[in-house]
file coords-v9.csv (CSV, C-alpha atoms)
chain,number,residue,atom,x,y,z
J,1,MET,CA,-53.1,1.3,35.3
J,2,ARG,CA,-49.8,3.1,35.8
J,3,ASP,CA,-48.0,4.6,32.8
J,4,THR,CA,-45.2,2.0,32.3
J,5,ARG,CA,-43.7,3.9,29.5
J,6,ARG,CA,-43.3,6.9,31.7
J,7,PHE,CA,-41.7,4.7,34.3
J,8,ALA,CA,-39.3,3.3,31.7
J,9,LEU,CA,-38.3,6.9,30.8
J,10,VAL,CA,-37.7,7.8,34.5
J,11,LEU,CA,-35.5,4.7,34.9
J,12,ALA,CA,-33.6,5.5,31.8
J,13,ALA,CA,-32.5,8.7,33.3
J,14,PHE,CA,-30.3,6.8,35.8
J,15,PRO,CA,-27.4,4.9,34.3
J,16,LEU,CA,-26.3,1.6,35.8
J,17,ALA,CA,-22.7,2.6,36.0
J,18,LEU,CA,-21.5,4.9,38.8
J,19,ALA,CA,-20.2,8.3,37.7
J,20,GLY,CA,-18.1,10.8,39.6
J,21,CYS,CA,-19.6,13.6,41.7
J,22,GLY,CA,-18.8,17.2,41.7
J,23,SER,CA,-19.4,20.3,43.7
J,24,GLY,CA,-22.9,21.8,43.3
J,25,ALA,CA,-21.7,25.1,44.7
J,26,GLY,CA,-23.3,28.1,43.3
J,27,ASP,CA,-22.5,31.8,43.2
J,28,ASP,CA,-24.7,32.8,46.1
J,29,ALA,CA,-22.0,32.0,48.6
J,30,ALA,CA,-22.2,34.9,51.0
J,31,THR,CA,-24.0,34.2,54.3
J,32,MET,CA,-24.7,37.4,56.2
J,33,GLU,CA,-23.3,37.4,59.7
J,34,SER,CA,-26.1,37.3,62.3
J,35,GLU,CA,-26.2,37.8,66.1
J,36,PRO,CA,-25.7,34.6,68.2
J,37,VAL,CA,-28.8,32.5,68.5
J,38,ALA,CA,-29.6,31.1,72.0
J,39,ALA,CA,-30.0,27.4,72.4
J,40,ILE,CA,-33.6,26.1,72.4
J,41,ALA,CA,-34.7,23.4,74.8
J,42,ALA,CA,-35.9,20.1,73.4
J,43,PRO,CA,-39.3,18.7,74.3
J,44,GLN,CA,-39.3,17.2,77.8
J,45,GLY,CA,-37.8,13.8,77.8
J,46,GLY,CA,-36.5,14.1,74.3
J,47,ALA,CA,-33.5,15.3,72.3
J,48,TRP,CA,-33.4,17.3,69.2
J,49,ALA,CA,-31.0,15.0,67.4
J,50,GLN,CA,-33.6,12.2,67.8
J,51,GLN,CA,-36.4,14.2,66.2
J,52,VAL,CA,-36.8,13.3,62.5
J,53,THR,CA,-39.5,14.3,60.1
J,54,ARG,CA,-40.0,13.8,56.3
J,55,THR,CA,-40.4,16.9,54.2
J,56,GLN,CA,-42.5,17.4,51.1
J,57,GLU,CA,-39.3,17.4,49.0
J,58,GLY,CA,-38.7,13.8,50.2
J,59,GLY,CA,-35.9,14.8,52.6
J,60,TRP,CA,-35.3,13.7,56.2
J,61,LEU,CA,-35.2,16.7,58.5
J,62,VAL,CA,-33.2,16.1,61.8
J,63,GLY,CA,-33.7,18.3,64.8
J,64,ASN,CA,-35.9,21.2,65.7
J,65,PRO,CA,-38.3,21.7,62.7
J,66,ASP,CA,-38.7,25.3,63.8
J,67,ALA,CA,-34.9,25.9,64.2
J,68,PRO,CA,-33.9,29.5,63.2
J,69,ILE,CA,-30.9,28.1,61.3
J,70,LYS,CA,-31.8,25.5,58.6
J,71,LEU,CA,-29.1,23.6,56.8
J,72,VAL,CA,-30.2,21.5,53.7
J,73,GLU,CA,-27.8,19.2,51.9
J,74,TYR,CA,-28.5,17.9,48.5
J,75,GLY,CA,-26.3,14.8,48.5
J,76,SER,CA,-25.7,11.7,46.5
J,77,LEU,CA,-25.3,8.5,48.5
J,78,THR,CA,-22.6,7.4,46.1
J,79,CYS,CA,-20.7,10.7,46.1
J,80,PRO,CA,-17.1,10.7,47.6
J,81,ALA,CA,-17.3,14.4,48.4
J,82,CYS,CA,-20.6,13.9,50.3
J,83,ALA,CA,-18.9,11.0,52.1
J,84,ASN,CA,-16.0,13.2,53.0
J,85,PHE,CA,-18.4,15.8,54.5
J,86,SER,CA,-20.2,13.1,56.4
J,87,VAL,CA,-17.0,11.5,57.9
J,88,GLN,CA,-15.6,14.9,58.8
J,89,GLY,CA,-18.6,16.6,60.3
J,90,ALA,CA,-21.7,14.4,60.9
J,91,GLU,CA,-20.9,13.7,64.6
J,92,GLN,CA,-20.0,17.3,65.4
J,93,LEU,CA,-23.0,18.7,63.4
J,94,SER,CA,-25.3,16.5,65.5
J,95,GLU,CA,-23.7,17.1,68.9
J,96,ASP,CA,-22.7,20.8,68.7
J,97,TYR,CA,-25.4,22.2,66.5
J,98,ILE,CA,-28.5,20.1,66.0
J,99,ALA,CA,-28.6,19.1,69.7
J,100,SER,CA,-28.8,22.8,70.6
J,101,GLY,CA,-32.1,23.3,68.8
J,102,ARG,CA,-30.6,26.2,66.9
J,103,VAL,CA,-29.8,24.2,63.7
J,104,SER,CA,-31.8,21.7,61.8
J,105,TYR,CA,-30.3,19.5,59.1
J,106,GLU,CA,-32.2,18.1,56.1
J,107,LEU,CA,-30.8,15.5,53.8
J,108,ARG,CA,-32.3,15.4,50.3
J,109,SER,CA,-31.0,12.6,48.1
J,110,VAL,CA,-30.0,13.5,44.5
J,111,LEU,CA,-30.2,10.6,42.1
J,112,ILE,CA,-27.5,11.7,39.6
J,113,HIS,CA,-25.0,8.9,40.0
J,114,GLY,CA,-26.7,5.9,38.7
J,115,VAL,CA,-29.3,3.3,39.7
J,116,ALA,CA,-27.3,2.7,42.9
J,117,ASP,CA,-28.5,6.1,44.2
J,118,LEU,CA,-32.1,5.2,43.5
J,119,LEU,CA,-31.8,1.8,45.3
J,120,LEU,CA,-29.9,3.2,48.2
J,121,THR,CA,-32.4,6.0,48.7
J,122,ARG,CA,-35.3,3.6,48.5
J,123,MET,CA,-33.6,1.5,51.2
J,124,LEU,CA,-33.5,4.6,53.5
J,125,GLU,CA,-37.2,4.9,52.9
J,126,CYS,CA,-37.6,1.3,54.0
J,127,ALA,CA,-35.9,2.0,57.3
J,128,PRO,CA,-37.5,3.5,60.4
J,129,GLN,CA,-37.7,7.2,59.9
J,130,ALA,CA,-35.3,8.0,62.8
J,131,THR,CA,-32.6,5.7,61.4
J,132,ALA,CA,-32.5,6.9,57.8
J,133,VAL,CA,-29.9,9.7,58.2
J,134,PRO,CA,-27.6,7.6,60.4
J,135,LEU,CA,-27.9,4.8,57.8
J,136,ALA,CA,-26.9,7.3,55.1
J,137,HIS,CA,-23.8,8.2,57.1
J,138,GLN,CA,-23.0,4.5,57.4
J,139,VAL,CA,-23.2,4.1,53.7
J,140,TRP,CA,-20.9,7.1,53.2
J,141,SER,CA,-18.4,5.6,55.8
J,142,ASP,CA,-18.4,2.3,53.9
J,143,LEU,CA,-18.6,3.9,50.4
J,144,ASP,CA,-15.7,2.0,48.8
J,145,GLN,CA,-17.2,-1.3,49.9
J,146,VAL,CA,-20.7,-0.3,48.7
J,147,ILE,CA,-19.6,1.1,45.3
J,148,GLY,CA,-17.1,-1.8,44.8
J,149,THR,CA,-19.8,-4.5,45.2
J,150,PHE,CA,-22.2,-2.6,43.0
J,151,GLN,CA,-19.7,-2.1,40.2
J,152,ALA,CA,-18.7,-5.7,40.3
J,153,ALA,CA,-22.3,-6.7,39.6
J,154,GLN,CA,-22.7,-4.8,36.3
J,155,PRO,CA,-23.6,-7.9,34.2
J,156,GLN,CA,-26.3,-9.0,36.7
J,157,LEU,CA,-27.6,-5.5,36.9
J,158,GLU,CA,-28.0,-5.3,33.1
J,159,GLN,CA,-29.8,-8.7,33.1
J,160,ALA,CA,-32.2,-7.4,35.7
J,161,MET,CA,-33.3,-4.6,33.5
J,162,SER,CA,-35.3,-7.1,31.4
J,163,LEU,CA,-37.3,-8.4,34.4
J,164,PRO,CA,-40.8,-7.3,35.3
J,165,GLU,CA,-41.0,-4.1,37.3
J,166,ASP,CA,-41.9,-5.9,40.6
J,167,GLN,CA,-38.8,-8.1,40.3
J,168,ARG,CA,-36.3,-5.7,38.6
J,169,PHE,CA,-35.1,-3.7,41.6
J,170,VAL,CA,-35.2,-6.7,44.0
J,171,ALA,CA,-32.8,-8.4,41.6
J,172,MET,CA,-30.6,-5.3,41.4
J,173,GLY,CA,-30.5,-4.9,45.1
J,174,GLN,CA,-29.5,-8.5,45.6
J,175,ALA,CA,-26.9,-8.4,42.9
J,176,GLY,CA,-25.4,-5.1,44.1
J,177,GLY,CA,-25.1,-6.4,47.7
J,178,LEU,CA,-27.5,-3.8,49.1
J,179,ILE,CA,-30.0,-6.3,50.5
J,180,ASP,CA,-27.3,-8.0,52.5
J,181,TYR,CA,-25.7,-4.7,53.5
J,182,PHE,CA,-28.9,-3.3,55.0
J,183,ALA,CA,-29.9,-6.7,56.5
J,184,ALA,CA,-26.8,-6.4,58.7
J,185,ARG,CA,-28.1,-2.9,59.7
J,186,GLY,CA,-31.6,-3.8,60.8
J,187,ILE,CA,-33.7,-4.1,57.6
J,188,SER,CA,-34.6,-7.7,57.1
J,189,THR,CA,-34.3,-9.4,53.8
J,190,ASP,CA,-38.0,-9.9,53.5
J,191,GLN,CA,-38.6,-6.2,54.3
J,192,ALA,CA,-36.0,-5.1,51.8
J,193,ARG,CA,-37.5,-7.3,49.0
J,194,GLN,CA,-41.0,-6.1,49.7
J,195,CYS,CA,-39.7,-2.5,49.6
J,196,LEU,CA,-37.8,-2.9,46.4
J,197,SER,CA,-40.7,-4.7,44.7
J,198,ASP,CA,-42.9,-1.6,45.0
J,199,SER,CA,-42.1,-0.1,41.6
J,200,ALA,CA,-44.8,2.6,42.0
J,201,ALA,CA,-43.1,4.0,45.1
J,202,ILE,CA,-39.7,3.8,43.4
J,203,GLN,CA,-41.1,5.8,40.5
J,204,GLN,CA,-42.5,8.4,42.8
J,205,LEU,CA,-39.2,8.6,44.6
J,206,ALA,CA,-37.3,9.2,41.3
J,207,GLU,CA,-39.8,11.9,40.1
J,208,ARG,CA,-39.9,13.7,43.5
J,209,THR,CA,-36.1,13.9,43.9
J,210,GLN,CA,-35.6,14.9,40.3
J,211,THR,CA,-38.2,17.7,40.7
J,212,SER,CA,-36.7,19.0,43.9
J,213,ALA,CA,-33.2,19.1,42.5
J,214,ALA,CA,-34.3,20.8,39.3
J,215,GLU,CA,-36.4,23.4,41.0
J,216,ASN,CA,-33.3,24.4,43.1
J,217,GLU,CA,-30.9,24.1,40.1
J,218,VAL,CA,-28.8,21.5,41.8
J,219,THR,CA,-26.4,20.0,39.3
J,220,GLY,CA,-23.7,18.6,41.6
J,221,THR,CA,-23.3,17.1,45.0
J,222,PRO,CA,-23.0,18.1,47.7
J,223,THR,CA,-24.9,21.3,47.4
J,224,PHE,CA,-25.8,23.2,50.6
J,225,PHE,CA,-28.5,25.7,51.3
J,226,LEU,CA,-28.4,27.7,54.5
J,227,ASN,CA,-31.7,29.4,55.4
J,228,GLY,CA,-32.8,29.1,51.8
J,229,ASN,CA,-29.6,30.6,50.4
J,230,ARG,CA,-27.2,28.5,48.4
J,231,ILE,CA,-23.7,28.5,49.8
J,232,ASP,CA,-20.4,27.7,48.0
J,233,GLN,CA,-18.9,25.8,50.9
J,234,THR,CA,-18.8,22.1,50.7
J,235,SER,CA,-16.3,20.8,53.3
J,236,TRP,CA,-17.3,20.5,56.9
J,237,PRO,CA,-15.0,23.2,58.3
J,238,GLU,CA,-16.3,25.7,55.7
J,239,VAL,CA,-20.0,24.8,56.4
J,240,GLU,CA,-19.4,25.0,60.1
J,241,ALA,CA,-18.0,28.5,59.7
J,242,ALA,CA,-21.1,29.4,57.7
J,243,LEU,CA,-23.3,28.0,60.5
J,244,GLN,CA,-21.5,30.1,63.0
J,245,ARG,CA,-21.8,33.3,60.9
J,246,ALA,CA,-25.5,32.6,60.7
J,247,GLY,CA,-25.7,32.7,64.5
J,248,ALA,CA,-24.9,29.1,65.7
J,249,ARG,CA,-22.3,30.2,68.2
call {"tool": "encode", "arguments": {"input": "coords-v9.csv", "output": "structure tokens"}}
result
Amino acid sequence: MRDTRRFALVLAAFPLALAGCGSGAGDDAATMESEPVAAIAAPQGGAWAQQVTRTQEGGWLVGNPDAPIKLVEYGSLTCPACANFSVQGAEQLSEDYIASGRVSYELRSVLIHGVADLLLTRMLECAPQATAVPLAHQVWSDLDQVIGTFQAAQPQLEQAMSLPEDQRFVAMGQAGGLIDYFAARGISTDQARQCLSDSAAIQQLAERTQTSAAENEVTGTPTFFLNGNRIDQTSWPEVEAALQRAGAR
């Protein structure tokens, strides 16, 4: 039998209300300038931007898994600063950098802005692996709508807290508009309900993401790591400049 008290404690760490997000920039901002890195051909018949793998930290890695330049974003799906980075740079990052095979991009969700982050990340896990990051970018592009619907459902979300574990997150996803939102983007209502009823998987998600963020001292979003080094840049033009200094040019 699973430890339901432990699960309750994990859930209690995520407030129902959405909070603001802030920069997770650190003081290890300097990225040493490197020689230009040559483009790396994708496997025959494929494209690097279509290659997606899950990582042991629970992230989604897009591109060449052996890319010499590795960009990791710790991002919250309810964070306006993360949304701004996505809107500014997601397309260019994919077309100009990931597609070359020189750069890989990994998204690691940080659950610091309420239960909405937990539910949204779980919905990405319900999606086909290759579509999870594009769905994250869609959420960020529609952030005002997603947050507005969730905030308007606070009474229903609070009521759902008293439901059994296998019903709680289904009710929250329905009340917060997330089941309908993802149904319009390829995840059926039945699939979403089944996914959100798996409280064991949701507990594992919460614990794994918390552990990864804590181990890397991530306290705000977005936080970026380039080849394992935290950088203080958080806007797309600044991150792009860091990529180019690292050799993606």
call {"tool": "residues_around", "arguments": {"input": "coords-v9.csv", "residues": "region 113-129 of chain J", "least_positions_apart": "2", "cutoff": "9 Å", "atoms": "all atoms listed in the file", "output": "ChimeraX atom specification"}}
result
/J:11,13-21,52-54,60,76-79,109-111,131-133,135-136,139,147,150,169,172-173,176,178-179,182,186-187,191-192,195-196,201-202,205-206
call {"tool": "atom_distance", "arguments": {"input": "coords-v9.csv", "atom1": "CA of Arg230 (chain J)", "atom2": "CA of Gln244 (chain J)"}}
result
15.8 Å
call {"tool": "atom_distance", "arguments": {"input": "coords-v9.csv", "atom1": "CA of Ala47 (chain J)", "atom2": "CA of Ala99 (chain J)"}}
result
6.7 Å
call {"tool": "closest_residue", "arguments": {"input": "coords-v9.csv", "among": "J:Asp180, J:Glu215, J:Glu158, J:Glu240", "to": "Asp96 (chain J)", "atoms": "only C-alpha atoms"}}
result
J:Glu240
call {"tool": "atom_distance", "arguments": {"input": "coords-v9.csv", "atom1": "CA of Gly220 (chain J)", "atom2": "CA of Ala83 (chain J)"}}
result
13.8 Å
call {"tool": "closest_residue", "arguments": {"input": "coords-v9.csv", "among": "J:Pro68, J:Ser212, J:Ser197, J:Asp144", "to": "Ser100 (chain J)", "atoms": "all atoms listed in the file"}}
result
J:Pro68
call {"tool": "residues_around", "arguments": {"input": "coords-v9.csv", "residues": "Leu61 (chain J)", "least_positions_apart": "3", "cutoff": "9 Å", "atoms": "only C-alpha atoms", "output": "list of chain:residue names"}}
result
J:Gln51, J:Val52, J:Thr53, J:Arg54, J:Thr55, J:Asn64, J:Pro65, J:Val72, J:Ser104, J:Tyr105, J:Glu106, J:Leu107, J:Arg108, J:Val133
call {"tool": "closest_residue", "arguments": {"input": "coords-v9.csv", "among": "J:Leu157, J:Ala42, J:Leu163, J:Ile112", "to": "Gly75 (chain J)", "atoms": "only C-alpha atoms"}}
result
J:Ile112
call {"tool": "closest_residue", "arguments": {"input": "coords-v9.csv", "among": "J:Pro43, J:Gly228, J:Gly63, J:Gly58", "to": "Gly101 (chain J)", "atoms": "all atoms listed in the file"}}
result
J:Gly63
call {"tool": "closest_residue", "arguments": {"input": "coords-v9.csv", "among": "J:Gly89, J:Gly177, J:Tyr74, J:Val239", "to": "Gly148 (chain J)", "atoms": "all atoms listed in the file"}}
result
J:Gly177
call {"tool": "residues_around", "arguments": {"input": "coords-v9.csv", "residues": "Val37 (chain J)", "least_positions_apart": "4", "cutoff": "8 Å", "atoms": "only C-alpha atoms", "output": "PDB file with C-alpha atoms, in the frame of the given file"}}
result
ATOM      1  CA  PRO J  68     -33.900  29.500  63.200  1.00  0.00           C
ATOM      2  CA  ARG J 102     -30.600  26.200  66.900  1.00  0.00           C
ATOM      3  CA  GLY J 247     -25.700  32.700  64.500  1.00  0.00           C
ATOM      4  CA  ALA J 248     -24.900  29.100  65.700  1.00  0.00           C
ATOM      5  CA  ARG J 249     -22.300  30.200  68.200  1.00  0.00           C
TER       6      ARG J 249
END
call {"tool": "closest_residue", "arguments": {"input": "coords-v9.csv", "among": "J:Ile231, J:Gln56, J:Ala246, J:Pro222", "to": "Ala81 (chain J)", "atoms": "all atoms listed in the file"}}
result
J:Pro222
call {"tool": "decode", "arguments": {"input": "coords-v9.csv", "residues": "region 78-115 of chain J", "atoms": "C-alpha atoms", "output": "PDB file, in the first residue's frame"}}
result
ATOM      1  CA  THR J  78       2.431  28.948 -15.442  1.00  0.00           C
ATOM      2  CA  CYS J  79       5.344  31.405 -15.491  1.00  0.00           C
ATOM      3  CA  PRO J  80       5.001  34.588 -17.612  1.00  0.00           C
ATOM      4  CA  ALA J  81       8.784  34.946 -17.923  1.00  0.00           C
ATOM      5  CA  CYS J  82       9.010  31.398 -19.278  1.00  0.00           C
ATOM      6  CA  ALA J  83       6.153  32.179 -21.650  1.00  0.00           C
ATOM      7  CA  ASN J  84       8.000  35.255 -22.860  1.00  0.00           C
ATOM      8  CA  PHE J  85      11.109  33.192 -23.587  1.00  0.00           C
ATOM      9  CA  SER J  86       8.999  30.647 -25.454  1.00  0.00           C
ATOM     10  CA  VAL J  87       7.160  33.205 -27.569  1.00  0.00           C
ATOM     11  CA  GLN J  88      10.379  35.052 -28.377  1.00  0.00           C
ATOM     12  CA  GLY J  89      12.662  32.162 -29.114  1.00  0.00           C
ATOM     13  CA  ALA J  90      11.089  28.704 -29.418  1.00  0.00           C
ATOM     14  CA  GLU J  91      10.844  28.731 -33.205  1.00  0.00           C
ATOM     15  CA  GLN J  92      14.317  30.137 -33.772  1.00  0.00           C
ATOM     16  CA  LEU J  93      15.863  27.820 -31.179  1.00  0.00           C
ATOM     17  CA  SER J  94      14.391  24.858 -33.045  1.00  0.00           C
ATOM     18  CA  GLU J  95      15.130  25.969 -36.590  1.00  0.00           C
ATOM     19  CA  ASP J  96      18.540  27.590 -36.169  1.00  0.00           C
ATOM     20  CA  TYR J  97      20.119  25.583 -33.364  1.00  0.00           C
ATOM     21  CA  ILE J  98      18.430  22.258 -32.567  1.00  0.00           C
ATOM     22  CA  ALA J  99      18.017  21.404 -36.252  1.00  0.00           C
ATOM     23  CA  SER J 100      21.783  21.750 -36.764  1.00  0.00           C
ATOM     24  CA  GLY J 101      22.515  18.924 -34.330  1.00  0.00           C
ATOM     25  CA  ARG J 102      24.901  21.202 -32.453  1.00  0.00           C
ATOM     26  CA  VAL J 103      22.422  22.103 -29.702  1.00  0.00           C
ATOM     27  CA  SER J 104      19.988  20.024 -27.672  1.00  0.00           C
ATOM     28  CA  TYR J 105      17.245  21.574 -25.554  1.00  0.00           C
ATOM     29  CA  GLU J 106      15.796  19.939 -22.469  1.00  0.00           C
ATOM     30  CA  LEU J 107      12.707  21.188 -20.659  1.00  0.00           C
ATOM     31  CA  ARG J 108      12.435  20.296 -16.983  1.00  0.00           C
ATOM     32  CA  SER J 109       9.210  21.381 -15.360  1.00  0.00           C
ATOM     33  CA  VAL J 110       9.386  23.127 -11.997  1.00  0.00           C
ATOM     34  CA  LEU J 111       6.295  22.829  -9.825  1.00  0.00           C
ATOM     35  CA  ILE J 112       6.620  26.022  -7.844  1.00  0.00           C
ATOM     36  CA  HIS J 113       3.514  27.901  -8.940  1.00  0.00           C
ATOM     37  CA  GLY J 114       0.645  25.843  -7.664  1.00  0.00           C
ATOM     38  CA  VAL J 115      -1.267  22.689  -8.436  1.00  0.00           C
TER      39      VAL J 115
END
